[in-house]
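Undergrad: Got a structure here, written out as structure tokens. Questions coming.
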Amino acid sequence: MVATFEPKTDYKVVGTRPIRHDGYDKVTGRAIYGADVKLPGLIWAVCVRSPHAHANIKSIDTSAAEAHEGVFAVITGADMPKAESKLVDLGEGNINFKWASNKLMADKKVLYRGHPVAAIAAIDRYTAEEAARKVVVEYEVLPSVTNVVDALKDDAPIILPDMVGDDLGEDVTNTNMAAHVRHEFGDVAGAMASAAHTVEREYNMQMVHQGYIEPQNATATWDEEDRIKIWTSTQGAFPARTQIAGILQVDVSRVKVTPTEIGGGFGGKIPVYFEPLAAILSKKSQRPVKMVMERTAVFETTGPTPGARMIVKLGADANGKLTAATADIWFEAGANPGAFIGPAAMCIYAPYEIPNTRIDGWDVLVNKPKVAPYRAPGSPQVAFAMESAVNELCENAGWDPLNFRIDNASKEGTRRGDGVLFSKIGMQEVLEATKESAHWNAPIGDAPEGKVRGRGIASGYWFNIGLKSSANLAVNSDGTVQLTEGSTDIGGSRTSMAMHVAEVLGIGAHDVRPTVGDTESIGYTDVTGGSRTTYATGYACWIAANNLVDVLKERVAVLWDINKDDVEFNDGSFSSKAEAQKTIGFKELAGKLDDLGGPANSTGSVDLESAGDGFGMHIADIEIDLATGKSDIIRYTAVQDVGTAIHPAYVEGQLQGGSAQGIGWALNEEYYMQDDGKMANSSFLDYRMPTTLDLPLIETVLVEVPNPLHPYGVRGVGETPICPPIPAIANAINDAIGKRLYNTPMNAGSILKALK
Amino acid sequence: MHPFAYVAPSTVAEAVAELSKHGDRARPLAGGTDLLVKARANVWELDAVVDIKNIPELMTLTINGSGLSIGAGVPCYQVYDNSEIAAQYPGIVDGASIIGGIQIQSRAGLGGNLCNAAPSGDGIPSLIALSAVAKIASVNGTREVAIENFCTGPSRTVLKAGELLVSIEVPKPAANSGAAYTRFIPRNEMDIAVAGVGVFVQLDASGKNFESARIALASVGPTLILASAAGDSLAGKPVNDETIAAASALARDAATPITDMRGTIEQRKQLVEVLTGRMINKAVERARG
């Protein structure tokens, strides 16, 4: 039985905006990130990487590198433990240790450009780099495939010859197709045939990267007792431990992971990269080993999100009701299976009630880096296709795109594309808020000479996840509370956790001192991902705080020599049910604990099946220079059902950050691949993410429909906002120039071409 | 990164002597914003780096009746912060003020931009348009090379091993003249040109006719391009939409771009035409004062 909660409004701490507990350390540069970790005797390691996207390794000669002065250890694929083929759930996507190990260090074959073939630890970084240049690798270059169409051709080079693909439950071999899934409901063919209006289009998207500012890193020691200690920038110390132990073939208790501060992840820091390599090099060198990735390698070898080919067909009746939808989607997995076609199927039709739907998804290998989660993995892609098609359907039939969405909105009882029935959701409230928003009701204004303007809207969806979290509390004698929790903090979560505790205990947010624990100081906690942290870890904090109240009631009972059941707690104060004038505040009690039984501690943990769905609508105004194709986003608004906003500034920040990333994805970001499988733009110079000068102030409208599954009504908010921007901008471009773009990026060159 | 020796001479003679010792395995260091990146990426494997910032002659900015002299190590901010340069050479300021961001501009200069010889160098088109000349020293003496002949290909220049750029000499602009530079970038700042156009025009006393013009293009060929036919087409012609459009079309013809991750041939040619028109108009506006 899942617990549900009634909405509350009389909060003291929830809904306020305290400054973040880690704020001063971060703005002054004192915060310790992965690259800041220093240990006595530390040495540096670098990788030797493949210059080819697909090649057999005929030989590797590391002798000259090993003889290079200052080199401590050299490893190749031969040094990697043979990890078993086993699928493990990491919260936001699965991992198979066999493929995960092979991704980190090539065995007989390189599968993508930059694939490590050796790693070298030396006295300093430059010595390691010099030695790396002395490793001689003989390659037999193979033809490579860099898109899903080529990868599925009969004569395509096979990337993983021993992979068995799953085609609707049937095993297939000698293929680049890792999986083909289907969800189908109703009479799709019949409904489509009788539809009054239909639209069918193909959409293509290039891979894009999360673009976190801090590169991947790891520092490792492997001691004489075979105990492995890892310091790393990760989105989850425990899932990192699971991966490291699985790849190194040791028990999880042999591995201690200490998470450092993290300079962005967006899903890309859920998989491990350097951690196992640094550990093996440490074992070999008997020194602490540190690795920090270069930006080129971050682009070429760490988690982009899938490029995609998608065909969407919609059918509607004469009254503007959606009756049928089909989607065929092919996602690039990179060189190992796992391209997020499952989440794509869950998300594509979610904002709509459509009685007859089918989706077919293919997970396809290509000679590119293995994809990693990126903010609502799979959803922005299908949102681009679906929301563009919806607008095109409306344009052809002469329907208003916002009223059409209101008429077709999903609600409690609507069946999602993968078959799940929605419980209480906020899509309709989001649409109403959009219709009432200042932006929607303001005219777009006249463009300067030579320019045109357009407005576009689109919806977006992420299902959000729950999973496992742990939190511990300890009362200090000065009336503050130590909070140790297991969620690494990317977006201000430790302050939101502290606010959960403070709300229960009736103390201030800054009276709670939050710390992110390592894997030996806190219970198991899943990734900071899936928009689960404030929901699930916050829930665990709420339980821990209530448990602490229970512990303290016992102490008050001792103090007053009454029965514990006769102690009440309200607004930070304990009182006696029998004698109302007998009260003691939380802080005063904290100072007396030494005489009342000593330390007062508590713990809380959760394992949550459901989370509460997240819906959003965005409005984008664009201005386009007709002579150059240059576009500027001149106004932008994100409307979203956020449940209860614990810390509204962080919630707004999530909406703004997701919008900014989506705008970059829409306009300029792409993996620009050369024919030989090399990414031509593997630097921030040519991989164009938007800067502050490229974005307007992103306005936010927080629609608060409290989530009944959380004590304070929290709903995940971080991922939904990256879903609407791409189609909202496509729809705005179409409004401005009367031409629709079906491929990303929708950069100046594409717009100029469309204008011809 | 290959280990290299760092030397910081205080005279041109010492600097060229040091450079000539190492042949092509030594490079002068000004702001270092290109050199250090290339050295760290092993694009250049250097045995010595010769820091020129202790040589007074290379760090001096001089503006007088005969023109402007920009020492090879003078950083961009000193150029665009100088009110006399801003008044007399706005085309140079257009370029110097958009190279990288504030931090880069406080280190990087036009001399380094020229010697780096990127086809996209934003500092270079205005120097070509303004008929500037590079002053070069070596152990054998000095020589001068017109800026349009200085870059010979991507990252390649006329500098021979042991030669050092000392300064960029820009003649004083004639009366009724104006210059301007712009580039097209996909973002609004901190970006690399997809196409760039620098224009110099000299008008007659009435301000209604072109006497001469020079137009230089960036990012649309293996090196910077002086679009002579485009500039020459304006000589003696009235200032109007027709003559400007004709010159813009000739500039488009002079562009020899490639298709790469920054843009396509067709897009770049169109940008050259559009930007040339816009910059001729801006230069005319400045010439009229």
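If you're wondering about the labels, chains in the structure tokens are A, B, ... by order shown, residues count from 1 in each chain, ligands from 1 in order shown.
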Produce a table with one row for each residue of chain A that has an atom at most 8 Å from any atom of chain B, each row naming the nearest atom pair and its distance in Å at one decimal; use only C-alpha atoms; arrange rows by chain and rising residue number; format as a tab-separated table.

TA:
residue	atom	partner	partner_atom	distance
A:Tyr126	CA	B:Met1	CA	5.9
A:Glu129	CA	B:Met1	CA	6.9
A:Glu130	CA	B:His2	CA	6.9
A:Ala627	CA	B:Val274	CA	6.7
A:Thr628	CA	B:Leu271	CA	6.2
A:Lys630	CA	B:Pro186	CA	6.7
A:Asn668	CA	B:Pro186	CA	7.5
A:Tyr672	CA	B:Met261	CA	6.1
A:Ala680	CA	B:Met261	CA	6.8
A:Asn681	CA	B:Met261	CA	6.8
A:Leu685	CA	B:Asp191	CA	6.5
A:Asp686	CA	B:Arg262	CA	7.3
A:Arg688	CA	B:Arg187	CA	7.6
A:Pro690	CA	B:Arg187	CA	7.0
A:Thr691	CA	B:Arg187	CA	7.9
A:Leu693	CA	B:Asn188	CA	6.1
A:Asp694	CA	B:Asn188	CA	5.8
A:Asn747	CA	B:Pro186	CA	7.4
A:Ala748	CA	B:Pro186	CA	6.7
A:Gly749	CA	B:Gln267	CA	6.0
A:Leu752	CA	B:Gln267	CA	7.2
A:Lys753	CA	B:Gln267	CA	7.9

Undergrad: Which residues are close to Arg125 of chain A, i.e. within 7 Å by only C-alpha atoms, leaving aside same-chain residues fewer than 3 positions away? Reply as an MDAnalysis selection string.

TA: chainID A and resid 44:45 122 128:129

Undergrad: Env of Arg27 of chain B: 8 Å cut, atoms = only C-alpha atoms, seq-sep filter 3 positions within chain, self excluded. Answer as a VMD selection string.

TA: chain B and resid 19 24 46 48 to 50

Undergrad: Return the single residue from B:Thr256, B:Asn64, B:Thr33, B:Leu250 that is closest to Gly100 of chain B, with distances computed using only C-alpha atoms.

TA: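 Closest residue, counting only C-alpha atoms: B:Thr33.
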
Undergrad: For the atom pair atom CA of Ile123 of chain A and atom CA of Gly41 of chain A, what is the interatomic distance in Å to one decimal place?

TA: 9.0 Å

Undergrad: Residues near Gly456 of chain A, anyone? I mean within 9 Å using only C-alpha atoms, not counting same-chain ones fewer than 3 positions away, as a list in words.

TA: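 Skipping anything fewer than 3 positions along the chain leaves Asn391, His618, Ile619, Ala620, Asp621, Ile622, Pro727, Ala728, Ile729, Ala730, Asn731, Ala732, Ile733, Asn734 and Asp735 of chain A.
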
Undergrad: Give me, as a PyMOL selection string, the residues of segment 589-664 of chain A that a backbone DSSP run labels strand (DSSP E).

TA: chain A and resi 601-608+614-625+631-641

Undergrad: Find the spatial neighbours of segment 5-16 of chain B, counting only C-alpha atoms, within a cut-off of 9 Å - ignore same-chain residues fewer than 3 positions away - and output them as a PyMOL selection string.

TA: chain B and resi 19-21+28+46-58+137-139+162-164+166

Undergrad: Identify all residues of segment 299-538 of chain A in alpha helix (DSSP H) (DSSP on the backbone) and supply them as a ChimeraX atom specification.

TA: /A:299-301,341-347,379-397,401-407,427-436,493-505,538

Undergrad: I'd like the neighbourhood of Gly91 of chain B as a count of residues only, where a residue qualifies if any of its atoms comes within 12 Å (using only C-alpha atoms), though same-chain residues fewer than 4 positions away should be ignored.

TA: 40

Undergrad: Neighbours of Leu702 of chain A within 10 Å (only C-alpha atoms; same-chain residues fewer than 5 positions away dropped), as a list of chain:residue names?

TA: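 Residues near the query, excluding close chain neighbours: A:Val430, A:Ala433, A:Gly616, A:Ala638, A:Val639, A:Gln640, A:Asp641, A:Val642, A:Gly643, A:Thr644, A:Ala645, A:Pro648, A:Val651, A:Glu652, A:Leu655.
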
Undergrad: Selection from above, N, CA and C atoms, as a PDB file, in the first residue's frame, can you write it?

TA:
ATOM      1  N   VAL A 430      -1.427  22.760 -16.351  1.00  0.00           N
ATOM      2  CA  VAL A 430      -0.300  23.403 -17.030  1.00  0.00           C
ATOM      3  C   VAL A 430      -0.783  24.134 -18.281  1.00  0.00           C
ATOM      4  N   ALA A 433      -2.627  27.253 -17.260  1.00  0.00           N
ATOM      5  CA  ALA A 433      -1.676  28.281 -16.797  1.00  0.00           C
ATOM      6  C   ALA A 433      -0.953  28.909 -17.976  1.00  0.00           C
ATOM      7  N   GLY A 616       5.111  19.833 -18.712  1.00  0.00           N
ATOM      8  CA  GLY A 616       5.452  21.238 -18.906  1.00  0.00           C
ATOM      9  C   GLY A 616       5.012  21.732 -20.271  1.00  0.00           C
ATOM     10  N   ALA A 638       8.781  29.049 -19.462  1.00  0.00           N
ATOM     11  CA  ALA A 638       8.590  27.642 -19.132  1.00  0.00           C
ATOM     12  C   ALA A 638       7.506  27.534 -18.066  1.00  0.00           C
ATOM     13  N   VAL A 639       6.454  26.794 -18.395  1.00  0.00           N
ATOM     14  CA  VAL A 639       5.352  26.556 -17.459  1.00  0.00           C
ATOM     15  C   VAL A 639       5.427  25.078 -17.071  1.00  0.00           C
ATOM     16  N   GLN A 640       5.345  24.769 -15.787  1.00  0.00           N
ATOM     17  CA  GLN A 640       5.464  23.361 -15.407  1.00  0.00           C
ATOM     18  C   GLN A 640       4.731  23.066 -14.111  1.00  0.00           C
ATOM     19  N   ASP A 641       4.160  21.866 -14.069  1.00  0.00           N
ATOM     20  CA  ASP A 641       3.619  21.357 -12.805  1.00  0.00           C
ATOM     21  C   ASP A 641       4.791  20.855 -11.984  1.00  0.00           C
ATOM     22  N   VAL A 642       5.080  21.547 -10.886  1.00  0.00           N
ATOM     23  CA  VAL A 642       6.268  21.226 -10.093  1.00  0.00           C
ATOM     24  C   VAL A 642       5.905  20.595  -8.750  1.00  0.00           C
ATOM     25  N   GLY A 643       4.640  20.191  -8.581  1.00  0.00           N
ATOM     26  CA  GLY A 643       4.250  19.704  -7.257  1.00  0.00           C
ATOM     27  C   GLY A 643       4.396  20.853  -6.274  1.00  0.00           C
ATOM     28  N   THR A 644       4.967  20.580  -5.101  1.00  0.00           N
ATOM     29  CA  THR A 644       5.294  21.665  -4.180  1.00  0.00           C
ATOM     30  C   THR A 644       6.749  22.052  -4.388  1.00  0.00           C
ATOM     31  N   ALA A 645       7.019  23.350  -4.582  1.00  0.00           N
ATOM     32  CA  ALA A 645       8.401  23.816  -4.743  1.00  0.00           C
ATOM     33  C   ALA A 645       9.004  23.984  -3.353  1.00  0.00           C
ATOM     34  N   PRO A 648      11.854  27.377  -4.129  1.00  0.00           N
ATOM     35  CA  PRO A 648      11.393  27.824  -5.455  1.00  0.00           C
ATOM     36  C   PRO A 648      12.521  28.299  -6.374  1.00  0.00           C
ATOM     37  N   VAL A 651      13.932  25.369  -8.083  1.00  0.00           N
ATOM     38  CA  VAL A 651      12.971  24.837  -9.056  1.00  0.00           C
ATOM     39  C   VAL A 651      12.986  25.707 -10.314  1.00  0.00           C
ATOM     40  N   GLU A 652      12.974  27.032 -10.115  1.00  0.00           N
ATOM     41  CA  GLU A 652      13.066  27.930 -11.269  1.00  0.00           C
ATOM     42  C   GLU A 652      14.368  27.697 -12.016  1.00  0.00           C
ATOM     43  N   LEU A 655      14.082  24.748 -14.254  1.00  0.00           N
ATOM     44  CA  LEU A 655      13.297  25.053 -15.456  1.00  0.00           C
ATOM     45  C   LEU A 655      14.128  25.883 -16.446  1.00  0.00           C
TER      46      LEU A 655
END

Undergrad: May I ask which of the residues A:Ala132, A:Ile624, A:Leu593, A:Ala100 is the closest one to Arg455 of chain A, counting only C-alpha atoms?

TA: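 Closest to Arg455 of chain A, using only C-alpha atoms: A:Ile624.
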